[in-house]
>>> print(open('query.txt').read())   # compact mmCIF, C-alpha atoms
# COMPACT_ATOMS: atom_id res chain seq x y z
CA MET A 115 -13.21 15.63 8.10
CA ASP A 116 -11.29 14.65 5.00
CA ASP A 117 -7.86 15.67 6.26
CA ILE A 118 -7.14 14.82 9.84
CA SER A 119 -4.08 17.03 9.85
CA GLU A 120 -6.44 20.00 9.72
CA ALA A 121 -8.39 18.91 12.79
CA SER A 122 -7.96 21.01 15.92
CA ASP A 123 -6.48 19.41 19.01
CA ALA A 124 -9.87 19.56 20.69
CA GLN A 125 -11.46 17.80 17.73
CA LEU A 126 -8.80 15.12 17.85
CA VAL A 127 -9.46 14.45 21.51
CA THR A 128 -13.17 14.14 20.74
CA MET A 129 -12.31 11.61 18.05
CA ILE A 130 -10.10 9.73 20.49
CA GLY A 131 -13.18 9.52 22.69
CA ARG A 132 -14.70 7.50 19.86
CA TYR A 133 -11.74 5.15 19.80
CA ASP A 134 -10.21 6.73 16.76
CA GLU A 135 -6.65 5.51 16.70
CA VAL A 136 -5.74 7.72 13.78
CA ALA A 137 -6.66 10.73 15.89
CA LEU A 138 -4.36 9.47 18.63
CA ALA A 139 -1.64 9.00 16.04
CA GLU A 140 -2.12 12.57 14.88
CA VAL A 141 -1.86 13.87 18.46
CA TYR A 142 1.30 11.80 18.85
CA ARG A 143 2.66 13.26 15.62
CA ARG A 144 2.00 16.79 16.80
CA HIS A 145 2.99 16.53 20.44
CA GLY A 146 4.90 13.26 20.91
CA GLY A 147 8.27 14.91 20.41
CA ALA A 148 7.57 17.46 23.12
CA VAL A 149 6.22 14.86 25.54
CA PHE A 150 9.23 12.64 24.96
CA GLY A 151 11.65 15.55 24.98
CA LEU A 152 10.52 16.84 28.35
CA ALA A 153 10.55 13.38 29.93
CA ARG A 154 14.02 12.70 28.55
CA ARG A 155 15.28 16.01 29.76
CA VAL A 156 14.02 15.43 33.30
CA LEU A 157 15.01 11.76 33.46
CA ASN A 158 18.17 11.95 31.39
CA SER A 159 17.23 8.57 30.00
CA SER A 160 15.69 7.88 26.62
CA VAL A 161 14.49 4.46 27.74
CA GLU A 162 12.64 5.81 30.76
CA ALA A 163 11.36 8.73 28.70
CA GLU A 164 9.85 6.27 26.24
CA ASP A 165 8.02 4.60 29.11
CA VAL A 166 6.69 7.96 30.26
CA THR A 167 5.62 8.86 26.73
CA GLN A 168 3.77 5.59 26.38
CA GLU A 169 1.97 6.17 29.67
CA VAL A 170 0.98 9.69 28.69
CA PHE A 171 -0.56 8.63 25.38
CA LEU A 172 -2.19 5.52 26.79
CA ARG A 173 -3.75 7.65 29.46
CA LEU A 174 -5.04 10.07 26.86
CA TRP A 175 -6.48 7.08 25.02
CA ASN A 176 -8.14 5.63 28.10
CA GLN A 177 -9.25 8.88 29.69
CA PRO A 178 -9.63 11.54 27.00
CA ASP A 179 -12.26 13.30 29.07
CA ARG A 180 -9.54 14.39 31.50
CA PHE A 181 -8.52 16.99 28.95
CA ASP A 182 -10.67 20.10 29.09
CA SER A 183 -9.95 22.39 26.18
CA ALA A 184 -11.54 25.26 28.07
CA ARG A 185 -8.78 25.06 30.67
CA GLY A 186 -5.73 25.07 28.44
CA SER A 187 -3.95 23.71 25.42
CA LEU A 188 -3.52 20.02 24.72
CA ARG A 189 0.24 20.50 24.46
CA SER A 190 0.41 21.92 27.99
CA PHE A 191 -1.89 19.20 29.28
CA LEU A 192 0.30 16.48 27.81
CA LEU A 193 3.49 18.16 29.00
CA ALA A 194 2.08 18.41 32.52
CA GLN A 195 1.34 14.68 32.39
CA SER A 196 4.78 13.94 31.05
CA HIS A 197 6.49 16.09 33.66
CA ALA A 198 4.50 14.66 36.57
CA ARG A 199 5.35 11.11 35.54
CA ALA A 200 8.96 11.90 34.92
CA VAL A 201 9.22 13.54 38.32
CA ASP A 202 7.51 10.57 39.96
CA ALA A 203 10.00 8.29 38.26
CA ILE A 204 13.03 10.32 39.15
CA ARG A 205 11.97 10.66 42.75
CA SER A 206 11.19 6.98 43.14
CA LEU A 207 14.17 5.67 41.23
CA ASN A 208 16.61 8.10 42.76
CA ALA A 209 18.12 8.42 39.34
CA ARG A 210 19.25 11.93 39.91
CA ARG A 211 22.83 10.89 40.52
CA ASN A 212 23.03 9.87 36.89
CA ARG A 213 22.03 13.23 35.66
CA GLU A 214 24.16 15.73 33.91
CA MET A 215 23.39 19.10 32.56
CA LYS A 216 21.71 18.83 29.23
CA ASP A 217 21.49 21.14 26.30
CA ALA A 218 18.02 22.60 26.45
CA SER A 219 17.95 23.88 22.95
CA LYS A 220 17.62 20.64 21.02
CA THR A 221 14.87 20.46 18.49
CA ALA A 222 13.51 17.63 16.42
CA ARG A 223 14.71 16.83 12.96
CA SER A 224 13.24 13.46 12.19
CA GLY A 225 9.91 11.80 12.73
CA TYR A 226 8.42 15.05 13.81
CA ASP A 227 5.59 17.12 12.54
CA MET A 228 7.32 19.85 10.60
CA GLN A 229 4.21 21.96 10.54
CA HIS A 230 4.46 22.47 14.27
CA GLU A 231 8.21 22.67 14.45
CA ALA A 232 8.43 26.32 13.48
CA TRP A 233 6.00 27.20 16.22
CA ASP A 234 8.02 25.15 18.71
CA ILE A 235 11.23 26.87 17.77
CA ALA A 236 9.58 30.27 18.02
CA LEU A 237 8.18 29.36 21.40
CA ALA A 238 11.53 28.00 22.56
CA ASP A 239 13.11 31.31 21.62
CA GLN A 240 10.51 33.22 23.61
CA VAL A 241 10.94 30.92 26.60
CA THR A 242 14.72 31.21 26.46
CA ARG A 243 14.37 34.95 26.35
CA ALA A 244 11.89 34.95 29.22
CA LEU A 245 14.19 32.76 31.30
CA GLU A 246 17.13 35.03 30.56
CA GLU A 247 15.18 38.02 31.75
CA LEU A 248 14.57 36.45 35.15
CA PRO A 249 16.78 37.43 38.07
CA ASP A 250 19.35 34.70 38.66
CA GLU A 251 17.82 33.57 41.95
CA GLU A 252 14.41 33.08 40.35
CA ARG A 253 15.79 31.27 37.32
CA GLN A 254 17.82 28.97 39.55
CA VAL A 255 14.91 27.82 41.71
CA ILE A 256 12.68 27.23 38.67
CA GLN A 257 15.35 25.18 36.94
CA LEU A 258 16.06 23.12 40.03
CA ALA A 259 12.38 22.47 40.59
CA TYR A 260 11.25 21.87 37.04
CA PHE A 261 14.17 20.30 35.26
CA GLU A 262 15.79 18.56 38.21
CA GLY A 263 12.49 17.34 39.64
CA HIS A 264 12.98 18.72 43.17
CA THR A 265 10.26 19.89 45.51
CA TYR A 266 10.55 23.46 46.70
CA VAL A 267 11.49 22.05 50.11
CA LYS A 268 14.40 20.16 48.56
CA VAL A 269 15.42 23.21 46.53
CA ALA A 270 15.53 25.19 49.77
CA GLU A 271 17.73 22.51 51.29
CA ILE A 272 20.07 22.50 48.29
CA LEU A 273 20.39 26.26 48.22
CA GLN A 274 20.36 26.55 52.01
CA GLN A 275 17.63 29.12 51.88
CA PRO A 276 14.35 29.38 53.78
CA GLU A 277 11.48 27.42 52.21
CA GLY A 278 9.37 30.56 52.14
CA THR A 279 12.00 32.35 50.11
CA VAL A 280 12.17 29.57 47.54
CA LYS A 281 8.40 29.35 47.35
CA SER A 282 8.21 33.08 46.83
CA ARG A 283 10.92 33.06 44.14
CA ILE A 284 9.21 30.29 42.23
CA ARG A 285 6.00 32.27 42.33
CA SER A 286 7.51 35.57 41.27
CA GLY A 287 9.63 33.87 38.60
CA MET A 288 6.68 32.08 37.07
CA ARG A 289 4.62 35.23 37.06
CA ARG A 290 7.42 37.16 35.48
CA MET A 291 7.73 34.52 32.80
CA ARG A 292 4.02 34.61 32.25
CA ALA A 293 4.11 38.34 31.71
CA VAL A 294 6.93 38.07 29.18
CA LEU A 295 5.28 35.21 27.30
CA SER A 296 1.92 36.92 27.35
CA GLU A 297 3.47 40.07 25.96
CA ALA A 298 5.10 37.99 23.25
CA GLY A 299 1.68 36.70 22.27
CA ILE A 300 1.97 33.17 23.59
CA GLN A 301 -1.63 32.09 23.98
CA GLY A 302 -3.06 30.54 27.11
CA VAL A 303 -0.64 31.97 29.62
CA GLU A 304 -2.53 35.17 30.32
CA THR A 305 -4.87 35.15 33.32
CA MET B 1354 -6.04 24.25 53.01
CA LYS B 1355 -6.92 27.93 53.17
CA HIS B 1356 -7.16 29.98 50.01
CA ASP B 1357 -4.06 32.09 50.69
CA GLU B 1358 -1.92 29.06 51.43
CA ALA B 1359 -3.09 27.27 48.32
CA TYR B 1360 -2.69 30.35 46.14
CA GLU B 1361 0.90 30.75 47.31
CA LEU B 1362 1.74 27.21 46.29
CA LEU B 1363 0.12 27.19 42.85
CA ALA B 1364 3.34 28.14 41.06
CA ALA B 1365 5.24 25.36 42.80
CA LEU B 1366 2.42 22.95 42.00
CA SER B 1367 2.55 23.91 38.33
CA LEU B 1368 6.19 22.76 38.37
CA ASP B 1369 5.37 19.56 40.29
CA ALA B 1370 7.53 20.96 43.05
CA VAL B 1371 5.25 20.08 45.94
CA ASP B 1372 4.99 16.78 47.80
CA GLU B 1373 2.03 14.46 47.46
CA HIS B 1374 0.37 15.62 50.67
CA GLU B 1375 0.48 19.26 49.61
CA ARG B 1376 -0.67 18.37 46.13
CA ARG B 1377 -3.74 16.63 47.49
CA LEU B 1378 -4.62 19.56 49.73
CA ILE B 1379 -4.16 22.10 46.95
CA ASP B 1380 -6.16 19.98 44.51
CA GLU B 1381 -9.04 19.82 46.98
CA HIS B 1382 -9.05 23.59 47.30
CA VAL B 1383 -8.64 24.25 43.58
CA ALA B 1384 -11.65 22.06 42.84
CA THR B 1385 -13.84 24.54 44.70
CA CYS B 1386 -12.03 27.81 43.95
CA PRO B 1387 -12.45 29.36 40.49
CA LYS B 1388 -9.76 31.96 41.13
CA CYS B 1389 -7.14 29.36 42.03
CA ARG B 1390 -8.22 27.14 39.19
CA SER B 1391 -7.81 29.94 36.68
CA GLU B 1392 -4.42 30.88 38.11
CA LEU B 1393 -3.26 27.26 38.05
CA ASP B 1394 -4.39 26.76 34.46
CA SER B 1395 -2.44 29.83 33.43
CA LEU B 1396 0.69 28.74 35.31
CA LEU B 1397 0.45 25.28 33.78
CA GLU B 1398 0.59 26.92 30.37
CA VAL B 1399 3.76 28.73 31.42
CA ALA B 1400 5.21 25.46 32.70
CA GLY B 1401 4.20 23.82 29.43
CA ALA B 1402 6.06 26.49 27.50
CA LEU B 1403 9.05 25.98 29.75
CA GLY B 1404 9.14 22.27 28.99
CA ASN B 1405 8.44 22.64 25.33
CA SER B 1406 11.66 21.38 23.82
CA VAL B 1407 11.08 18.76 21.20
CA ASP B 1408 13.18 15.65 20.73
CA PRO B 1409 13.18 13.33 17.73
CA LEU B 1410 10.78 10.51 18.44
CA PRO B 1411 12.43 7.12 18.86
CA GLU B 1412 11.82 4.56 16.17
CA GLY B 1413 9.15 2.11 17.17
CA LEU B 1414 7.71 4.13 20.04
CA TRP B 1415 4.42 4.70 18.30
CA THR B 1416 4.19 1.00 17.46
CA SER B 1417 4.63 0.20 21.16
CA ILE B 1418 1.87 2.62 22.10
CA SER B 1419 -0.41 1.37 19.37
CA THR B 1420 0.19 -2.22 20.40
CA ARG B 1421 -0.48 -1.54 24.06
CA ILE B 1422 -3.82 -0.04 23.16
CA TYR B 1423 -4.86 -3.54 22.19
CA ASP B 1424 -3.37 -5.20 25.24
CA ASN B 1425 -6.14 -4.06 27.53
CA ASP B 1426 -7.65 -7.25 28.94
CA ASP B 1427 -9.81 -5.53 31.49
CA ALA B 1428 -13.35 -6.65 30.72
CA THR B 1429 -14.75 -3.44 32.15
CA HIS B 1430 -12.69 -1.45 29.65
CA PRO B 1431 -13.43 -3.20 26.40
CA MET B 1432 -11.04 -3.10 23.54
CA PRO B 1433 -11.46 0.07 21.55
CA VAL B 1434 -12.85 0.31 18.08
CA LEU B 1435 -10.36 2.26 16.07
CA VAL B 1436 -11.70 3.98 13.06
CA TYR B 1437 -11.13 6.80 10.72
CA ASP B 1438 -13.29 6.79 7.72
CA SER B 1439 -13.98 9.93 5.81
CA GLY B 1440 -16.82 8.23 4.01
CA GLU B 1441 -18.67 7.13 7.12
CA ARG B 1442 -18.14 8.87 10.39
CA VAL B 1443 -18.54 6.53 13.32
CA THR B 1444 -20.80 8.03 15.89
CA SER B 1445 -21.02 5.27 18.47
CA SER B 1446 -19.75 6.31 21.86
CA ARG B 1447 -17.48 4.28 24.08
CA ARG B 1448 -20.36 3.47 26.37
CA ARG B 1449 -22.01 1.40 23.71
CA HIS B 1450 -19.17 -1.06 23.87
CA LEU B 1451 -19.28 -1.57 27.58
CA GLY B 1452 -19.99 -5.14 28.47
CA ARG B 1453 -19.12 -6.36 25.03
CA PRO B 1454 -16.20 -8.68 25.54
CA ALA B 1455 -13.30 -8.31 23.25
CA PRO B 1456 -13.39 -11.10 20.71
CA ARG B 1457 -10.12 -12.91 20.54
CA THR B 1458 -11.01 -16.22 19.02
CA VAL B 1459 -10.12 -15.59 15.46
CA PHE B 1460 -6.68 -14.13 15.94
CA SER B 1461 -5.36 -15.38 19.23
CA SER B 1462 -1.79 -15.73 18.10
CA LEU B 1463 0.01 -12.86 16.52
CA GLY B 1464 2.26 -15.04 14.47
CA ALA B 1465 -0.67 -17.11 13.40
CA VAL B 1466 -2.40 -14.04 12.09
CA ALA B 1467 0.07 -13.38 9.39
CA ALA B 1468 0.49 -17.07 8.67
CA ALA B 1469 -3.23 -17.65 8.41
CA LEU B 1470 -3.66 -14.71 6.15
CA ILE B 1471 -0.88 -15.87 3.95
CA VAL B 1472 -1.81 -19.54 3.84
CA VAL B 1473 -5.58 -19.51 3.95
CA LEU B 1474 -6.32 -16.45 1.94
CA ALA B 1475 -5.24 -15.61 -1.47
CA VAL B 1476 -2.55 -13.01 -1.50
CA ASN B 1477 -2.15 -10.81 -4.46
CA LEU B 1478 1.11 -9.02 -4.66
CA ALA B 1479 0.57 -5.71 -6.23
CA ASN B 1480 2.28 -5.09 -9.48
CA GLN B 1481 3.32 -1.54 -8.92
CA ALA B 1482 4.89 -0.59 -12.17
CA ASN B 1483 2.90 1.67 -14.38
CA ARG B 1484 -0.33 0.93 -12.59
CA ALA B 1485 -1.43 4.48 -12.16
CA SER B 1486 -2.80 5.10 -15.59
CA ASN B 1487 -4.73 1.83 -15.61
CA LEU B 1488 -6.30 2.47 -12.26
CA GLN B 1489 -7.39 6.02 -12.56
CA HIS B 1490 -10.52 5.23 -14.51
CA GLN B 1491 -11.73 3.03 -11.67
CA LEU B 1492 -11.63 5.78 -9.10
CA VAL B 1493 -14.73 6.50 -7.13
CA ASN B 1494 -14.57 10.23 -7.68
CA ASP B 1495 -11.89 10.77 -5.06
CA ASP B 1496 -9.41 13.51 -5.91
CA ALA B 1497 -7.19 12.60 -2.98
CA ALA B 1498 -6.92 9.02 -4.16
CA ASN B 1499 -6.26 10.26 -7.66
CA ALA B 1500 -3.44 12.42 -6.37
CA ALA B 1501 -2.05 9.53 -4.34
CA LEU B 1502 -1.72 7.45 -7.49
CA VAL B 1503 0.75 9.92 -8.90
CA THR B 1504 2.59 10.50 -5.64
CA PRO B 1505 6.19 9.31 -5.84
CA GLY B 1506 6.73 6.15 -3.84
CA HIS B 1507 3.07 5.16 -3.71
CA THR B 1508 2.10 1.53 -3.30
CA VAL B 1509 -0.98 -0.09 -4.77
CA VAL B 1510 -2.39 -3.06 -2.90
CA ASP B 1511 -4.84 -5.51 -4.44
CA LEU B 1512 -7.13 -7.31 -2.07
CA ALA B 1513 -8.55 -10.57 -3.38
CA SER B 1514 -10.93 -13.21 -2.12
CA THR B 1515 -10.02 -16.82 -1.49
CA THR B 1516 -11.10 -17.54 -5.04
CA GLN B 1517 -8.67 -14.97 -6.36
CA ALA B 1518 -11.36 -12.51 -7.30
CA ASP B 1519 -10.16 -8.94 -7.02
CA LEU B 1520 -12.44 -7.19 -4.56
CA ALA B 1521 -10.71 -3.96 -3.63
CA GLU B 1522 -7.67 -1.87 -4.35
CA PHE B 1523 -5.98 0.66 -2.13
CA VAL B 1524 -3.15 3.08 -2.67
CA LEU B 1525 -0.72 3.92 0.13
CA VAL B 1526 1.56 6.94 0.02
CA PRO B 1527 4.83 7.24 1.92
CA ASP B 1528 3.47 9.52 4.68
CA GLY B 1529 1.13 6.75 5.81
CA ARG B 1530 -2.05 7.91 4.15
CA GLY B 1531 -4.13 5.46 2.22
CA TYR B 1532 -7.14 5.58 -0.06
CA LEU B 1533 -9.60 3.14 -1.56
CA ILE B 1534 -9.26 3.37 -5.30
CA SER B 1535 -11.70 0.72 -6.43
CA SER B 1536 -14.11 -1.75 -4.90
CA LYS B 1537 -16.22 -4.65 -6.04
CA LEU B 1538 -17.30 -5.57 -2.54
CA PRO B 1539 -20.99 -6.51 -2.50
CA THR B 1540 -23.36 -4.36 -0.49
CA LEU B 1541 -23.84 -5.64 3.04
CA PRO B 1542 -27.14 -5.78 4.89
CA ALA B 1543 -27.86 -3.09 7.47
CA GLY B 1544 -26.17 -3.82 10.75
CA ASP B 1545 -22.91 -4.95 9.18
CA THR B 1546 -19.89 -3.04 7.95
CA TYR B 1547 -16.70 -3.81 6.15
CA GLN B 1548 -13.67 -3.19 8.33
CA LEU B 1549 -10.17 -2.70 7.01
CA TRP B 1550 -7.23 -4.15 8.94
CA GLY B 1551 -3.51 -3.77 8.58
CA VAL B 1552 -1.19 -6.44 9.87
CA ILE B 1553 1.68 -4.73 11.64
CA ASN B 1554 4.27 -6.79 13.44
CA GLY B 1555 2.03 -9.81 13.00
CA LYS B 1556 -0.91 -8.12 14.66
CA PRO B 1557 -4.14 -6.98 12.99
CA ILE B 1558 -4.67 -3.29 13.60
CA SER B 1559 -7.99 -1.70 12.76
CA ILE B 1560 -7.48 0.90 10.09
CA ALA B 1561 -10.94 1.99 9.00
CA LEU B 1562 -14.60 1.18 8.91
CA MET B 1563 -15.66 1.06 5.29
CA GLY B 1564 -19.43 0.96 5.61
CA THR B 1565 -21.87 -1.34 3.87
CA SER B 1566 -20.97 -0.33 0.35
CA PRO B 1567 -17.48 1.14 0.28
CA ARG B 1568 -17.00 4.03 -2.08
CA LYS B 1569 -14.70 6.52 -0.42
CA VAL B 1570 -12.30 5.43 2.29
CA THR B 1571 -9.40 7.47 3.60
CA PHE B 1572 -7.10 6.45 6.40
CA THR B 1573 -3.70 7.05 7.92
CA VAL B 1574 -1.36 4.39 9.18
CA SER B 1575 1.14 5.79 11.65
CA GLY B 1576 4.41 4.11 12.49
CA SER B 1577 5.28 0.87 10.79
CA LYS B 1578 3.91 0.09 7.38
CA PRO B 1579 1.54 -2.89 7.40
CA THR B 1580 2.68 -6.05 5.69
CA LEU B 1581 -0.85 -7.06 4.78
CA LEU B 1582 -4.22 -5.40 4.35
CA GLY B 1583 -7.37 -7.39 4.96
CA ILE B 1584 -11.11 -6.80 5.09
CA THR B 1585 -13.62 -8.49 7.37
CA VAL B 1586 -17.35 -8.12 7.85
CA GLU B 1587 -18.15 -6.81 11.33
CA PRO B 1588 -21.17 -5.45 13.18
CA THR B 1589 -21.87 -1.78 12.57
CA GLY B 1590 -19.48 0.20 14.73
CA GLY B 1591 -16.69 -2.24 14.02
CA SER B 1592 -14.82 -4.66 16.21
CA PRO B 1593 -11.60 -4.24 18.16
CA THR B 1594 -10.21 -7.40 16.63
CA PRO B 1595 -11.43 -9.39 13.63
CA THR B 1596 -14.35 -11.65 14.49
CA SER B 1597 -14.62 -13.38 11.15
CA ALA B 1598 -12.40 -14.59 8.37
CA MET B 1599 -11.05 -12.07 5.93
CA VAL B 1600 -13.22 -11.68 2.86
CA ALA B 1601 -10.28 -10.20 1.02
CA SER B 1602 -6.63 -9.61 1.70
CA GLY B 1603 -3.48 -8.52 -0.03
CA ALA B 1604 0.19 -8.17 0.79
CA VAL B 1605 1.74 -4.73 0.87
CA GLU B 1606 4.82 -4.74 -1.23
CA ASP B 1607 7.83 -2.81 0.03
>>> encode(input="query.txt", output="structure tokens")
Amino acid sequence: MDDISEASDAQLVTMIGRYDEVALAEVYRRHGGAVFGLARRVLNSSVEAEDVTQEVFLRLWNQPDRFDSARGSLRSFLLAQSHARAVDAIRSLNARRNREMKDASKTARSGYDMQHEAWDIALADQVTRALEELPDEERQVIQLAYFEGHTYVKVAEILQQPEGTVKSRIRSGMRRMRAVLSEAGIQGVET
Amino acid sequence: MKHDEAYELLAALSLDAVDEHERRLIDEHVATCPKCRSELDSLLEVAGALGNSVDPLPEGLWTSISTRIYDNDDATHPMPVLVYDSGERVTSSRRRHLGRPAPRTVFSSLGAVAAALIVVLAVNLANQANRASNLQHQLVNDDAANAALVTPGHTVVDLASTTQADLAEFVLVPDGRGYLISSKLPTLPAGDTYQLWGVINGKPISIALMGTSPRKVTFTVSGSKPTLLGITVEPTGGSPTPTSAMVASGAVED
């Protein structure tokens, strides 16, 4: 392949399996901003988010076979890794007290792959719209769980609601979001 | 965990909103349940979309990642061979490198790397001005390299032997891409390959395998610009770190 920027994500992961650092660099260029952005948003710390980002890409380097393109997109795979590590960190470091509400609409302007930025912005718009369409109680539990790093048990405790109710609202909220995103043509979310 | 219980928790799992015990139980079930697996994959995509806000990447983060790739001292996970060479696709799998210890003898000290390259090897500073027209006739039929030579901000790097003989020239463009534009490197015997290195933060980073008789080499250097380019002769498949002295090197002018 003469131009690595034209390689698919799946092809890049295959190349990483052959120790191709340039392929890893290209994956970082495409998805690093999202991986870092999610970790920073959950942790509210750029320094800790950098650590998470490093771990995510080193893990991809060391275990590329953990990504299965048949099961989902590379972006979602990397974001899941980033989120899981950020949540681990926030739960173990008890850093939540340092958190403050963050603007969720930030997008990259420097050091980022402009080719993918338009898609990200379009997706962000769809996600914002999908979130807005959720009933308040569903949006609230999803935000507390995902962006604050709480378990559904903890969310129930915070909201003083039964665990079953929170579990059910997370489920219905995610399915509702899936339906909206699927209708908007976001690939991979449909069942 | 029973199917219904697991299925109910998949959405929470996709948000990492379950505890470790529950996660383990759900994972065990999902591994044997196609329906749950499909549902989880779909929900993970939704979660991915939810978390898809992009931040500017911090300066130097890629360099840290790239450097840590080379810090793996675990003998059972040998140092990776890092290649991208449009002229010669490397096909060796990772398994082939198992058991091959990472050579560290030649460049054990990062600072010494740059010093050794500078002191021991001849360094030709590229004279950038008005080089493009002189170089284009030497191109090895590479349109991309030709285009790079007229790209604003490009840098031409001469690599010379210890006896000052010019052996190779590369052009680097500001987005990190680089191309071989001429080569007088002698053909190597089968089993060997030329390997191109960039010295970044005093550390040699593998940039490309160039094959036995380099004609067309394309690469991308992400993050920091190298201060030096150097070429060694390595076994086919390349080496994670240089195992022999540079046959040619040249400083990259800012």
>>> closest_residue(input="query.txt", among="A:Gln177, A:Ser282, A:Asn158, A:Ser122", to="chain B", atoms="all atoms listed in the file")
A:Ser282
>>> closest_residue(input="query.txt", among="B:Gly1544, B:Gly1413, B:Gly1555, B:Pro1527", to="Glu164 (chain A)", atoms="all atoms listed in the file")
B:Gly1413
>>> atom_distance(input="query.txt", atom1="CA of Ile1558 (chain B)", atom2="CA of Arg143 (chain A)")
18.2 Å
>>> atom_distance(input="query.txt", atom1="CA of Val1552 (chain B)", atom2="CA of Thr1416 (chain B)")
11.9 Å
>>> closest_residue(input="query.txt", among="B:Glu1587, B:Glu1398, B:Asp1357, B:Asp1496", to="Phe191 (chain A)", atoms="only C-alpha atoms")
B:Glu1398
>>> closest_residue(input="query.txt", among="A:Ser286, A:Glu251, A:Leu157, A:Thr242", to="Ala270 (chain A)", atoms="all atoms listed in the file")
A:Glu251
>>> residues_around(input="query.txt", residues="Asp1528 (chain B)", least_positions_apart="6", cutoff="9 Å", atoms="all atoms listed in the file", output="number ranges by chain")
B: 1573-1575
>>> residues_around(input="query.txt", residues="region 1384-1386 of chain B", least_positions_apart="4", cutoff="12 Å", atoms="only C-alpha atoms", output="PyMOL selection string")
chain B and resi 1354-1357+1359-1360+1377-1380+1390-1393
>>> residues_around(input="query.txt", residues="Phe261 (chain A)", least_positions_apart="2", cutoff="10 Å", atoms="only C-alpha atoms", output="PyMOL selection string")
(chain A and resi 152-153+155-157+197+200-201+215-216+218+255-259+263-264) or (chain B and resi 1368+1403-1404)
>>> write_last_selection(input="query.txt", atoms="C-alpha atoms", output="CSV table (one decimal), in the frame of the given file")
chain,number,residue,atom,x,y,z
A,152,LEU,CA,10.5,16.8,28.4
A,153,ALA,CA,10.6,13.4,29.9
A,155,ARG,CA,15.3,16.0,29.8
A,156,VAL,CA,14.0,15.4,33.3
A,157,LEU,CA,15.0,11.8,33.5
A,197,HIS,CA,6.5,16.1,33.7
A,200,ALA,CA,9.0,11.9,34.9
A,201,VAL,CA,9.2,13.5,38.3
A,215,MET,CA,23.4,19.1,32.6
A,216,LYS,CA,21.7,18.8,29.2
A,218,ALA,CA,18.0,22.6,26.4
A,255,VAL,CA,14.9,27.8,41.7
A,256,ILE,CA,12.7,27.2,38.7
A,257,GLN,CA,15.4,25.2,36.9
A,258,LEU,CA,16.1,23.1,40.0
A,259,ALA,CA,12.4,22.5,40.6
A,263,GLY,CA,12.5,17.3,39.6
A,264,HIS,CA,13.0,18.7,43.2
B,1368,LEU,CA,6.2,22.8,38.4
B,1403,LEU,CA,9.0,26.0,29.8
B,1404,GLY,CA,9.1,22.3,29.0
>>> closest_residue(input="query.txt", among="B:Gly1551, B:Pro1579, B:Pro1567, B:Pro1593", to="Leu1538 (chain B)", atoms="all atoms listed in the file")
B:Pro1567
>>> residues_around(input="query.txt", residues="Ser190 (chain A)", least_positions_apart="4", cutoff="9 Å", atoms="all atoms listed in the file", output="list of chain:residue names")
A:Gly186, A:Ala194, A:Gln195, B:Leu1397, B:Glu1398, B:Val1399, B:Ala1400, B:Gly1401, B:Ala1402, B:Gly1404, B:Asn1405
>>> atom_distance(input="query.txt", atom1="CA of Glu1522 (chain B)", atom2="CA of Ala1598 (chain B)")
18.6 Å
>>> residues_around(input="query.txt", residues="Val294 (chain A)", least_positions_apart="3", cutoff="6 Å", atoms="all atoms listed in the file", output="number ranges by chain")
A: 244, 291, 297
>>> closest_residue(input="query.txt", among="A:Arg185, A:Arg199, A:Arg173, A:Arg290", to="chain B", atoms="only C-alpha atoms")
A:Arg185
>>> residues_near_point(input="query.txt", point="(-10.4, 9.9, 19.2)", cutoff="10 Å", atoms="all atoms listed in the file", output="VMD selection string")
(chain A and resid 124 to 141 174 to 175 178) or (chain B and resid 1434 to 1437)
